[in-house]
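Colleague: Pasting input_32.cif below, which is mmCIF, C-alpha atoms and all ligand atoms.
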data_start
loop_
_atom_site.label_atom_id
_atom_site.label_comp_id
_atom_site.auth_asym_id
_atom_site.auth_seq_id
_atom_site.Cartn_x
_atom_site.Cartn_y
_atom_site.Cartn_z
CA MET X 1448 18.26 -1.82 -11.29
CA TYR X 1449 17.33 1.63 -9.98
CA ALA X 1450 20.73 3.33 -10.16
CA HIS X 1451 19.92 4.82 -13.57
CA CYS X 1452 16.67 6.53 -12.52
CA ARG X 1453 16.13 9.57 -10.39
CA PHE X 1454 12.54 10.37 -9.49
CA HIS X 1455 13.09 12.48 -6.36
CA THR X 1456 13.43 16.23 -6.58
CA ALA X 1457 14.23 16.79 -2.90
CA ASP X 1458 17.08 15.54 -0.72
CA ILE X 1459 16.26 12.06 0.53
CA ARG X 1460 19.45 11.63 2.52
CA ASN X 1461 17.86 12.91 5.73
CA LYS X 1462 14.63 10.92 5.49
CA LYS X 1463 13.75 7.88 7.57
CA ILE X 1464 11.27 5.82 5.64
CA LEU X 1465 9.00 2.92 6.60
CA VAL X 1466 7.92 0.55 3.83
CA THR X 1467 5.24 -1.85 5.02
CA GLY X 1468 5.02 -4.96 2.86
CA GLY X 1469 8.61 -4.30 1.85
CA ALA X 1470 9.41 -8.01 1.54
CA GLY X 1471 6.79 -8.22 -1.21
CA PHE X 1472 7.01 -7.44 -4.89
CA ILE X 1473 6.42 -3.68 -5.17
CA GLY X 1474 7.73 -2.89 -1.68
CA SER X 1475 11.10 -4.56 -2.25
CA ASN X 1476 11.55 -2.65 -5.52
CA LEU X 1477 10.84 0.58 -3.67
CA VAL X 1478 13.34 -0.31 -0.94
CA GLU X 1479 15.98 -0.90 -3.61
CA TYR X 1480 15.37 2.55 -5.08
CA LEU X 1481 15.49 4.28 -1.68
CA LEU X 1482 18.71 2.62 -0.54
CA THR X 1483 20.35 3.05 -3.95
CA HIS X 1484 19.64 6.77 -3.73
CA GLY X 1485 20.95 7.24 -0.19
CA ALA X 1486 17.90 7.42 2.09
CA ALA X 1487 19.04 7.98 5.69
CA PHE X 1488 17.17 4.92 6.93
CA VAL X 1489 14.71 2.39 5.50
CA ARG X 1490 12.68 0.09 7.74
CA VAL X 1491 10.60 -2.75 6.33
CA ALA X 1492 7.65 -4.10 8.31
CA ASP X 1493 6.30 -7.37 6.94
CA ASN X 1494 4.89 -10.62 8.30
CA LEU X 1495 6.29 -12.62 5.35
CA SER X 1496 2.85 -14.09 4.64
CA ASN X 1497 3.33 -13.41 0.94
CA GLY X 1498 6.71 -11.71 0.90
CA PHE X 1499 10.14 -13.28 0.96
CA ARG X 1500 13.37 -12.86 2.86
CA ARG X 1501 15.13 -13.37 -0.47
CA ASN X 1502 13.67 -10.05 -1.68
CA LEU X 1503 15.38 -8.32 1.27
CA GLU X 1504 18.64 -10.28 1.14
CA PRO X 1505 20.50 -7.62 -0.88
CA PHE X 1506 19.76 -5.00 1.83
CA MET X 1507 20.22 -7.02 5.04
CA LYS X 1508 23.81 -5.92 5.56
CA HIS X 1509 23.14 -2.30 4.60
CA ASP X 1510 23.87 0.07 7.54
CA ASN X 1511 20.72 2.11 6.87
CA PHE X 1512 18.35 -0.83 6.64
CA GLU X 1513 16.20 -2.63 9.20
CA PHE X 1514 13.70 -5.47 8.78
CA VAL X 1515 11.05 -5.91 11.46
CA GLU X 1516 8.89 -9.01 11.18
CA GLY X 1517 5.32 -8.71 12.41
CA THR X 1518 1.74 -8.14 11.41
CA ILE X 1519 -0.05 -4.86 10.84
CA THR X 1520 -3.18 -6.43 12.33
CA ASP X 1521 -1.38 -5.87 15.66
CA GLU X 1522 -1.87 -2.24 16.66
CA ASN X 1523 1.18 -2.21 18.95
CA PHE X 1524 3.39 -3.51 16.15
CA CYS X 1525 2.24 -0.60 13.98
CA HIS X 1526 3.08 1.94 16.69
CA ARG X 1527 6.49 0.36 17.16
CA VAL X 1528 7.47 0.42 13.48
CA CYS X 1529 6.35 4.06 13.05
CA GLU X 1530 8.71 5.32 15.77
CA GLY X 1531 11.27 7.81 14.45
CA ILE X 1532 9.87 7.66 10.90
CA ASN X 1533 9.42 10.67 8.56
CA LEU X 1534 7.67 9.01 5.61
CA VAL X 1535 5.51 5.91 5.31
CA SER X 1536 4.85 3.95 2.13
CA HIS X 1537 2.15 1.49 3.08
CA GLN X 1538 2.25 -1.50 0.72
CA ALA X 1539 1.35 -4.37 3.07
CA ALA X 1540 -1.88 -6.09 2.13
CA LEU X 1541 -3.29 -9.39 0.97
CA GLY X 1542 -3.51 -8.97 -2.79
CA SER X 1543 -5.73 -10.84 -5.24
CA VAL X 1544 -9.43 -10.63 -5.99
CA PRO X 1545 -9.98 -14.45 -5.91
CA ARG X 1546 -8.20 -14.76 -2.55
CA SER X 1547 -10.54 -12.12 -1.13
CA ILE X 1548 -13.58 -14.00 -2.42
CA ALA X 1549 -12.28 -17.22 -0.81
CA PHE X 1550 -11.13 -15.52 2.44
CA PRO X 1551 -13.00 -12.23 2.94
CA LEU X 1552 -12.20 -11.99 6.67
CA ALA X 1553 -8.46 -12.41 6.19
CA THR X 1554 -8.53 -9.77 3.46
CA HIS X 1555 -10.48 -7.40 5.68
CA ALA X 1556 -8.14 -7.95 8.64
CA ALA X 1557 -4.93 -7.23 6.70
CA ASN X 1558 -6.22 -4.65 4.24
CA ALA X 1559 -8.86 -2.71 6.16
CA THR X 1560 -8.04 -3.16 9.86
CA GLY X 1561 -4.31 -3.31 9.10
CA PHE X 1562 -4.59 -0.09 7.13
CA LEU X 1563 -6.45 1.67 9.93
CA ASN X 1564 -3.85 0.49 12.45
CA MET X 1565 -1.07 1.81 10.25
CA ILE X 1566 -2.51 5.21 9.41
CA ASN X 1567 -3.44 5.75 13.05
CA ALA X 1568 0.05 4.77 14.20
CA ALA X 1569 1.55 7.08 11.57
CA ARG X 1570 -0.61 9.92 12.88
CA ASN X 1571 0.47 9.23 16.47
CA ALA X 1572 4.11 9.22 15.41
CA GLY X 1573 3.63 12.54 13.57
CA VAL X 1574 4.92 11.27 10.22
CA GLU X 1575 5.21 13.89 7.49
CA ARG X 1576 3.51 11.87 4.75
CA PHE X 1577 1.54 8.66 4.48
CA ILE X 1578 1.59 7.18 0.97
CA TYR X 1579 -0.49 4.05 0.42
CA ALA X 1580 -1.29 1.43 -2.21
CA SER X 1581 -4.83 1.41 -3.49
CA SER X 1582 -5.97 -0.49 -6.56
CA SER X 1583 -7.75 -0.11 -9.89
CA SER X 1584 -10.24 -2.65 -8.51
CA VAL X 1585 -12.05 0.26 -6.81
CA TYR X 1586 -13.44 1.18 -10.25
CA GLY X 1587 -15.64 -1.93 -9.97
CA ASP X 1588 -18.57 -1.85 -12.36
CA GLU X 1589 -17.95 1.69 -13.62
CA PRO X 1590 -18.10 1.11 -17.41
CA ASN X 1591 -16.36 4.16 -18.86
CA LEU X 1592 -12.82 4.17 -20.21
CA PRO X 1593 -10.36 5.57 -19.53
CA LYS X 1594 -10.79 5.36 -15.76
CA ARG X 1595 -10.73 8.78 -14.12
CA GLU X 1596 -10.15 9.06 -10.40
CA GLU X 1597 -13.40 10.81 -9.50
CA ARG X 1598 -15.65 8.32 -11.30
CA ILE X 1599 -15.88 4.96 -9.53
CA GLY X 1600 -18.57 2.28 -9.61
CA ARG X 1601 -19.57 -0.39 -7.10
CA PRO X 1602 -16.77 -2.67 -5.89
CA LEU X 1603 -17.00 -6.26 -7.21
CA SER X 1604 -14.98 -8.11 -4.56
CA PRO X 1605 -14.01 -7.97 -0.87
CA TYR X 1606 -10.53 -6.91 -2.05
CA ALA X 1607 -11.99 -3.89 -3.86
CA VAL X 1608 -14.07 -3.02 -0.78
CA SER X 1609 -10.95 -3.15 1.40
CA LYS X 1610 -9.03 -0.82 -0.95
CA LEU X 1611 -11.95 1.59 -1.16
CA ALA X 1612 -12.06 1.57 2.66
CA ASN X 1613 -8.38 2.62 2.61
CA GLU X 1614 -9.21 5.61 0.45
CA LEU X 1615 -12.15 6.60 2.65
CA TYR X 1616 -10.08 6.33 5.84
CA ALA X 1617 -7.23 8.27 4.27
CA ASN X 1618 -9.66 11.06 3.40
CA VAL X 1619 -11.04 11.33 6.91
CA PHE X 1620 -7.56 11.23 8.46
CA ALA X 1621 -6.58 14.11 6.17
CA LEU X 1622 -9.78 15.95 7.04
CA ASN X 1623 -9.82 15.43 10.80
CA TYR X 1624 -6.13 15.25 11.66
CA GLY X 1625 -4.57 17.26 8.83
CA MET X 1626 -2.48 14.30 7.72
CA ASN X 1627 -0.65 14.51 4.39
CA VAL X 1628 -1.93 11.40 2.63
CA ILE X 1629 -1.54 10.27 -0.96
CA GLY X 1630 -3.20 7.16 -2.43
CA LEU X 1631 -1.90 5.31 -5.46
CA ARG X 1632 -4.35 3.24 -7.48
CA TYR X 1633 -2.06 0.74 -9.13
CA PHE X 1634 -3.14 -0.92 -12.37
CA ASN X 1635 -1.77 -4.49 -12.79
CA VAL X 1636 1.84 -4.02 -11.79
CA PHE X 1637 4.48 -6.51 -13.00
CA GLY X 1638 8.24 -6.93 -12.88
CA PRO X 1639 11.14 -8.54 -11.01
CA ASN X 1640 10.36 -10.00 -7.56
CA GLN X 1641 6.75 -10.82 -8.46
CA ASP X 1642 5.93 -14.31 -7.23
CA PRO X 1643 4.83 -16.83 -9.91
CA ASN X 1644 3.87 -19.48 -7.34
CA GLY X 1645 0.74 -20.17 -5.32
CA PRO X 1646 -2.95 -20.12 -6.19
CA TYR X 1647 -3.18 -16.33 -6.39
CA ALA X 1648 -0.28 -15.54 -8.70
CA ALA X 1649 -0.90 -12.82 -11.31
CA ALA X 1650 -1.09 -13.39 -15.09
CA ILE X 1651 2.36 -12.15 -16.14
CA PRO X 1652 4.42 -14.25 -13.70
CA LEU X 1653 2.17 -17.24 -14.46
CA PHE X 1654 2.66 -16.85 -18.22
CA MET X 1655 6.42 -16.44 -17.76
CA ASP X 1656 6.56 -19.52 -15.58
CA ALA X 1657 4.57 -21.43 -18.23
CA VAL X 1658 6.78 -20.45 -21.18
CA ILE X 1659 10.00 -21.06 -19.23
CA HIS X 1660 8.98 -24.48 -17.94
CA ASN X 1661 6.68 -25.48 -20.81
CA LYS X 1662 3.66 -25.71 -18.48
CA THR X 1663 0.03 -25.05 -19.41
CA ALA X 1664 -0.81 -21.35 -19.55
CA PHE X 1665 -4.45 -20.65 -18.71
CA ILE X 1666 -6.32 -17.60 -19.95
CA ASN X 1667 -9.56 -16.85 -18.10
CA GLY X 1668 -12.47 -16.36 -20.50
CA ASP X 1669 -12.01 -15.37 -24.14
CA GLY X 1670 -8.83 -13.40 -23.42
CA ASN X 1671 -10.21 -10.23 -25.00
CA GLN X 1672 -10.46 -8.51 -21.63
CA THR X 1673 -7.97 -5.64 -21.41
CA ARG X 1674 -5.55 -4.37 -18.77
CA ASP X 1675 -3.25 -1.37 -18.41
CA PHE X 1676 -0.13 -3.29 -17.35
CA THR X 1677 2.35 -1.22 -15.36
CA TYR X 1678 6.02 -2.06 -15.06
CA VAL X 1679 7.10 -1.90 -11.42
CA GLU X 1680 9.64 0.87 -12.00
CA ASN X 1681 6.70 3.13 -12.84
CA ALA X 1682 4.97 2.20 -9.56
CA VAL X 1683 8.21 2.92 -7.70
CA GLN X 1684 8.41 6.25 -9.45
CA ALA X 1685 4.87 7.13 -8.32
CA ASN X 1686 5.74 6.30 -4.70
CA VAL X 1687 8.93 8.32 -4.76
CA ARG X 1688 7.29 11.31 -6.42
CA ALA X 1689 4.47 11.17 -3.86
CA MET X 1690 7.02 11.06 -1.02
CA PHE X 1691 8.97 14.05 -2.24
CA CYS X 1692 6.64 16.20 -4.37
CA SER X 1693 6.59 19.85 -3.34
CA ASP X 1694 3.02 20.73 -4.36
CA ALA X 1695 0.90 20.80 -1.19
CA ASN X 1696 -2.20 20.48 -3.42
CA ALA X 1697 -1.09 16.92 -4.19
CA PHE X 1698 -2.12 15.75 -0.70
CA GLY X 1699 -5.48 14.23 0.14
CA LYS X 1700 -5.91 12.74 -3.32
CA VAL X 1701 -5.69 9.34 -4.92
CA TYR X 1702 -3.97 8.85 -8.27
CA ASN X 1703 -4.09 6.31 -11.06
CA VAL X 1704 -0.69 4.67 -11.44
CA ALA X 1705 -0.47 3.03 -14.86
CA VAL X 1706 0.88 3.67 -18.31
CA GLY X 1707 -2.31 4.83 -19.99
CA GLU X 1708 -2.24 2.08 -22.64
CA ASN X 1709 -4.05 -1.25 -22.54
CA VAL X 1710 -3.68 -4.62 -24.18
CA THR X 1711 -5.83 -7.75 -24.30
CA ILE X 1712 -4.72 -10.81 -22.32
CA ASN X 1713 -4.40 -12.72 -25.61
CA ASN X 1714 -2.04 -10.04 -26.86
CA LEU X 1715 -0.11 -10.04 -23.62
CA PHE X 1716 0.45 -13.77 -23.90
CA ASP X 1717 1.77 -13.34 -27.47
CA ILE X 1718 4.21 -10.63 -26.31
CA ILE X 1719 5.55 -12.89 -23.54
CA ALA X 1720 5.80 -15.91 -25.85
CA ALA X 1721 7.67 -13.77 -28.39
CA ALA X 1722 10.10 -12.49 -25.71
CA ALA X 1723 10.73 -16.11 -24.71
CA GLY X 1724 10.93 -17.43 -28.26
CA SER X 1725 8.22 -19.90 -27.25
CA SER X 1726 5.51 -21.46 -29.45
CA LEU X 1727 3.38 -22.48 -26.44
CA LYS X 1728 -0.37 -21.99 -27.01
CA PRO X 1729 -2.55 -20.87 -24.09
CA VAL X 1730 -5.61 -22.80 -22.91
CA HIS X 1731 -8.82 -20.84 -22.31
CA ARG X 1732 -10.92 -21.59 -19.23
CA GLU X 1733 -13.90 -20.01 -17.43
CA ASP X 1734 -14.09 -16.30 -16.60
CA ARG X 1735 -13.17 -15.42 -13.03
CA PRO X 1736 -15.86 -13.92 -10.79
CA GLY X 1737 -15.13 -10.44 -9.45
CA ASP X 1738 -12.89 -9.48 -12.37
CA ILE X 1739 -13.52 -6.31 -14.30
CA ARG X 1740 -13.74 -6.59 -18.11
CA ASP X 1741 -11.69 -3.68 -19.34
CA SER X 1742 -9.16 -1.45 -17.74
CA LEU X 1743 -7.36 1.62 -18.99
CA ALA X 1744 -6.18 4.52 -16.88
CA ASP X 1745 -6.24 8.23 -17.41
CA ILE X 1746 -2.96 9.21 -15.73
CA SER X 1747 -3.22 12.97 -16.19
CA LEU X 1748 -3.94 13.67 -12.50
CA ALA X 1749 -0.68 11.99 -11.40
CA GLU X 1750 1.18 13.78 -14.18
CA LYS X 1751 -0.21 17.12 -13.02
CA PHE X 1752 0.21 16.86 -9.25
CA LEU X 1753 3.06 14.37 -8.80
CA GLY X 1754 5.03 14.94 -12.01
CA TYR X 1755 4.59 11.22 -12.70
CA GLN X 1756 5.77 10.15 -16.16
CA PRO X 1757 5.79 6.40 -16.78
CA GLN X 1758 9.06 5.63 -18.51
CA VAL X 1759 8.85 1.91 -19.18
CA LYS X 1760 6.25 0.58 -21.60
CA LEU X 1761 4.87 -2.95 -21.71
CA GLU X 1762 7.26 -4.64 -24.19
CA ALA X 1763 10.41 -3.23 -22.58
CA GLY X 1764 9.14 -4.16 -19.11
CA ILE X 1765 8.32 -7.68 -20.29
CA ARG X 1766 11.84 -8.15 -21.67
CA THR X 1767 13.50 -7.06 -18.40
CA THR X 1768 11.09 -9.13 -16.33
CA PHE X 1769 11.63 -12.18 -18.49
CA GLU X 1770 15.42 -11.90 -18.02
CA TRP X 1771 14.88 -11.76 -14.25
CA PHE X 1772 12.59 -14.80 -14.38
CA LYS X 1773 15.10 -16.81 -16.33
CA LYS X 1774 17.92 -15.85 -13.96
CA THR X 1775 15.83 -16.60 -10.87
CA PHE X 1776 13.77 -19.65 -11.79
CA LEU X 1777 15.64 -21.43 -14.57
CA LYS X 1778 18.29 -23.21 -12.58
N1 LIG P 1 0.74 -6.02 -7.86
C1 LIG P 1 -0.32 -5.38 -8.35
O1 LIG P 1 -0.61 -5.48 -9.55
C2 LIG P 1 -1.17 -4.51 -7.48
C3 LIG P 1 -2.27 -3.86 -8.07
C4 LIG P 1 -3.06 -3.05 -7.28
C5 LIG P 1 -2.75 -2.87 -5.95
N2 LIG P 1 -1.69 -3.53 -5.40
C6 LIG P 1 -1.39 -3.30 -3.99
O2 LIG P 1 -0.03 -2.95 -3.87
C7 LIG P 1 0.50 -3.42 -2.63
C8 LIG P 1 1.73 -4.25 -2.87
O3 LIG P 1 1.37 -5.34 -3.69
P1 LIG P 1 2.39 -6.46 -4.18
O4 LIG P 1 1.98 -6.85 -5.54
O5 LIG P 1 3.77 -6.02 -3.91
O6 LIG P 1 1.96 -7.65 -3.21
P2 LIG P 1 2.87 -8.67 -2.37
O7 LIG P 1 1.95 -9.72 -1.87
O8 LIG P 1 4.05 -9.09 -3.16
O9 LIG P 1 3.37 -7.76 -1.17
C9 LIG P 1 2.57 -7.47 -0.06
C10 LIG P 1 3.41 -7.68 1.18
O10 LIG P 1 2.59 -7.42 2.32
C11 LIG P 1 2.91 -8.38 3.31
N3 LIG P 1 1.76 -8.53 4.21
C12 LIG P 1 0.54 -9.06 3.92
N4 LIG P 1 -0.23 -9.04 5.01
C13 LIG P 1 0.51 -8.49 6.01
C14 LIG P 1 0.28 -8.22 7.39
N5 LIG P 1 -0.90 -8.53 7.98
N6 LIG P 1 1.27 -7.64 8.11
C15 LIG P 1 2.46 -7.34 7.55
N7 LIG P 1 2.75 -7.59 6.25
C16 LIG P 1 1.78 -8.15 5.49
C17 LIG P 1 3.20 -9.66 2.55
O11 LIG P 1 3.99 -10.59 3.29
C18 LIG P 1 3.93 -9.11 1.33
O12 LIG P 1 5.33 -9.08 1.54
C19 LIG P 1 -0.65 -4.15 -1.95
O13 LIG P 1 -1.29 -3.25 -1.08
C20 LIG P 1 -1.56 -4.51 -3.09
O14 LIG P 1 -2.89 -4.67 -2.68
C21 LIG P 1 -0.89 -4.35 -6.14
#
Would you put the structure from the file into structure tokens?
Ligand SMILES: NC(=O)c1ccc[n+]([C@@H]2O[C@H](COP(=O)([O-])OP(=O)(O)OC[C@H]3O[C@@H](n4cnc5c(N)ncnc54)[C@H](O)[C@@H]3O)[C@@H](O)[C@H]2O)c1
Modeller:
Amino acid sequence: MYAHCRFHTADIRNKKILVTGGAGFIGSNLVEYLLTHGAAFVRVADNLSNGFRRNLEPFMKHDNFEFVEGTITDENFCHRVCEGINLVSHQAALGSVPRSIAFPLATHAANATGFLNMINAARNAGVERFIYASSSSVYGDEPNLPKREERIGRPLSPYAVSKLANELYANVFALNYGMNVIGLRYFNVFGPNQDPNGPYAAAIPLFMDAVIHNKTAFINGDGNQTRDFTYVENAVQANVRAMFCSDANAFGKVYNVAVGENVTINNLFDIIAAAAGSSLKPVHREDRPGDIRDSLADISLAEKFLGYQPQVKLEAGIRTTFEWFKKTFLK
């Protein structure tokens, strides 16, 4: 899938890269890009709590690939997986706002303590860059659109707190230890390898699952809430550009990673139903606590410092994702 794109401007053939959470959705897409483009070595560290071996299957026999199973809540594991590494892309975390409301301690352990373990291990190992996944949830109750990086409100969930803690720790590691850190605030990423199963699945895989299998599709609230949905290739691009950008001023910042266009959930459902040729009608249910109402990113900071240019818009991303869903789940 990534053979046709080239987001790196430097030679990646001599880089040894650690992707934490690489068995998950975004991480496994990033691994595919890196191996397709000849990275010297890619190591995935993942405890498979929400990731899958099947996402790594295509790489298992690759000479330059290694999978290490373990948890980032274990400090020694983090030191071990950072050994010999040049670049870290830290994706491992427990996603989902509702999960964090149900299990705040588990979210804190993986997302906050796990993050601190990882960035500290990366510092010890002397890695060149530490790129990490933050989230648009850090905007919390900040009402203005589009969201600009410097203007955040109060977090609305334990998940948002954990991601904000990542950003704060990254700042102080840059400040005190001179680490080259870059944070990526993803906005609702979707695409192949995203899991439609389990209680904390995201809207797009759930809607796809519903239209494929003629199940009920639930929309929380009136469906007029908006999101800036981001096809995973764009998130991969942001990671790769952050890993290889040559502007030293890019470090120590956090960037919106989105498309810069939003759509209502009602609209999103119609786009998916149209891609599937389905006449299924969604069922509305209660609003979810902790959710923000509207979301739309200003992506100019990432454009300026990383050279980020999202190339895949919503409809095109939905079509590719739907093909993957059919191939994978319609057996
Ligand atoms: N998908 C989105 O829309 C979105 C939006 C904003 C932020 N993010 C962030 O992006 C990152 C990747 O998200 P994703 O959608 O690919 O999620 P995912 O759940 O598919 O992947 C996360 C991976 O981390 C692993 N993991 C979880 N806890 C771990 C632990 N303690 N030790 C080792 N591995 C662990 C899981 O097994 C999984 O493979 C996460 O940090 C997430 O919070 C995602």
Colleague: Counting only C-alpha atoms, I want the residues whose atoms come within 7 Å of (-9.5, -5.2, -0.1) in the file frame, returned as a PyMOL selection string.
Modeller: chain X and resi 1554-1555+1558-1559+1605-1610
Colleague: Hey, which residues sit close to ligand LIG 1 (chain P)? Say within 6 Å, counting only C-alpha atoms and all ligand atoms, and write them as a PyMOL selection string.
Modeller: chain X and resi 1468-1474+1493-1498+1517-1520+1538-1542+1557+1580-1582+1633-1636
Colleague: Just C-alpha atoms for this one: save the residues we selected as a tab-separated table (two decimals), keeping the file's coordinate frame.
Modeller:
chain	number	residue	atom	x	y	z
X	1468	GLY	CA	5.02	-4.96	2.86
X	1469	GLY	CA	8.61	-4.30	1.85
X	1470	ALA	CA	9.41	-8.01	1.54
X	1471	GLY	CA	6.79	-8.22	-1.21
X	1472	PHE	CA	7.01	-7.44	-4.89
X	1473	ILE	CA	6.42	-3.68	-5.17
X	1474	GLY	CA	7.73	-2.89	-1.68
X	1493	ASP	CA	6.30	-7.37	6.94
X	1494	ASN	CA	4.89	-10.62	8.30
X	1495	LEU	CA	6.29	-12.62	5.35
X	1496	SER	CA	2.85	-14.09	4.64
X	1497	ASN	CA	3.33	-13.41	0.94
X	1498	GLY	CA	6.71	-11.71	0.90
X	1517	GLY	CA	5.32	-8.71	12.41
X	1518	THR	CA	1.74	-8.14	11.41
X	1519	ILE	CA	-0.05	-4.86	10.84
X	1520	THR	CA	-3.18	-6.43	12.33
X	1538	GLN	CA	2.25	-1.50	0.72
X	1539	ALA	CA	1.35	-4.37	3.07
X	1540	ALA	CA	-1.88	-6.09	2.13
X	1541	LEU	CA	-3.29	-9.39	0.97
X	1542	GLY	CA	-3.51	-8.97	-2.79
X	1557	ALA	CA	-4.93	-7.23	6.70
X	1580	ALA	CA	-1.29	1.43	-2.21
X	1581	SER	CA	-4.83	1.41	-3.49
X	1582	SER	CA	-5.97	-0.49	-6.56
X	1633	TYR	CA	-2.06	0.74	-9.13
X	1634	PHE	CA	-3.14	-0.92	-12.37
X	1635	ASN	CA	-1.77	-4.49	-12.79
X	1636	VAL	CA	1.84	-4.02	-11.79
Colleague: With a distance cut-off of 7 Å and all atoms listed in the file, select the neighbouring residues of Lys1463 in chain X, excluding the residue or stretch itself and same-chain residues fewer than 5 positions from it, and output the selection as an MDAnalysis selection string.
Modeller: chainID X and resid 1486:1489 1532:1534
Colleague: State, in Å with one decimal place, the distance from CA of Phe1776 in chain X to CA of Asn1667 in chain X.
Modeller: 24.3 Å
Colleague: Which residue out of X:Gly1670, X:Gly1699, X:Gly1724, X:Gly1573 has the minimum interatomic distance to Glu1614 in chain X when all atoms listed in the file are used?
Modeller: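 Nearest to Glu1614 in chain X: X:Gly1699.
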Colleague: To one decimal place, how far is CA of Asp1717 in chain X from CA of Pro1639 in chain X in Å?
Modeller: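 CA of Pro1639 in chain X lies at a distance of 19.5 Å from CA of Asp1717 in chain X.
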Colleague: Ranking X:Gln1641, X:Ser1547, X:Thr1560, X:Ser1536 by minimum distance to Asp1521 in chain X and counting all atoms listed in the file, which one comes first?
Modeller: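 Checking each of X:Gln1641, X:Ser1547, X:Thr1560, X:Ser1536 against Asp1521 in chain X, counting all atoms listed in the file, the winner is X:Thr1560.
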Colleague: Could you please determine the separation between CA of Val1710 in chain X and CA of Ile1651 in chain X in Å, to one decimal place?
Modeller: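 Interatomic distance here is 12.6 Å.
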Colleague: Which polymer residues have any atom within 10 Å of an atom of Asn1476 in chain X, counting all atoms listed in the file, with same-chain residues fewer than 6 positions away left out, as number ranges by chain?
Modeller: X: 1448-1449, 1469-1470, 1502-1503, 1638-1641, 1679-1680, 1682-1683
Colleague: Find the residue from X:Pro1545, X:Ala1621, X:Gln1684, X:Pro1590 that sits nearest to Asn1567 in chain X; use all atoms listed in the file when measuring.
Modeller: X:Ala1621
Colleague: Give one line per residue of range 1610-1683 of chain X that approaches range 1745-1755 of chain X to at most 10 Å, naming the two atoms of the closest pair and their distance in Å to one decimal, counting all atoms listed in the file; sort by chain then ascending residue number and deliver it as CSV.
Modeller:
residue,atom,partner,partner_atom,distance
X:Ile1629,CA,X:Leu1753,CA,10.0
X:Leu1631,CA,X:Ala1749,CA,9.0
X:Asn1681,CA,X:Tyr1755,CA,8.4
X:Ala1682,CA,X:Tyr1755,CA,9.6
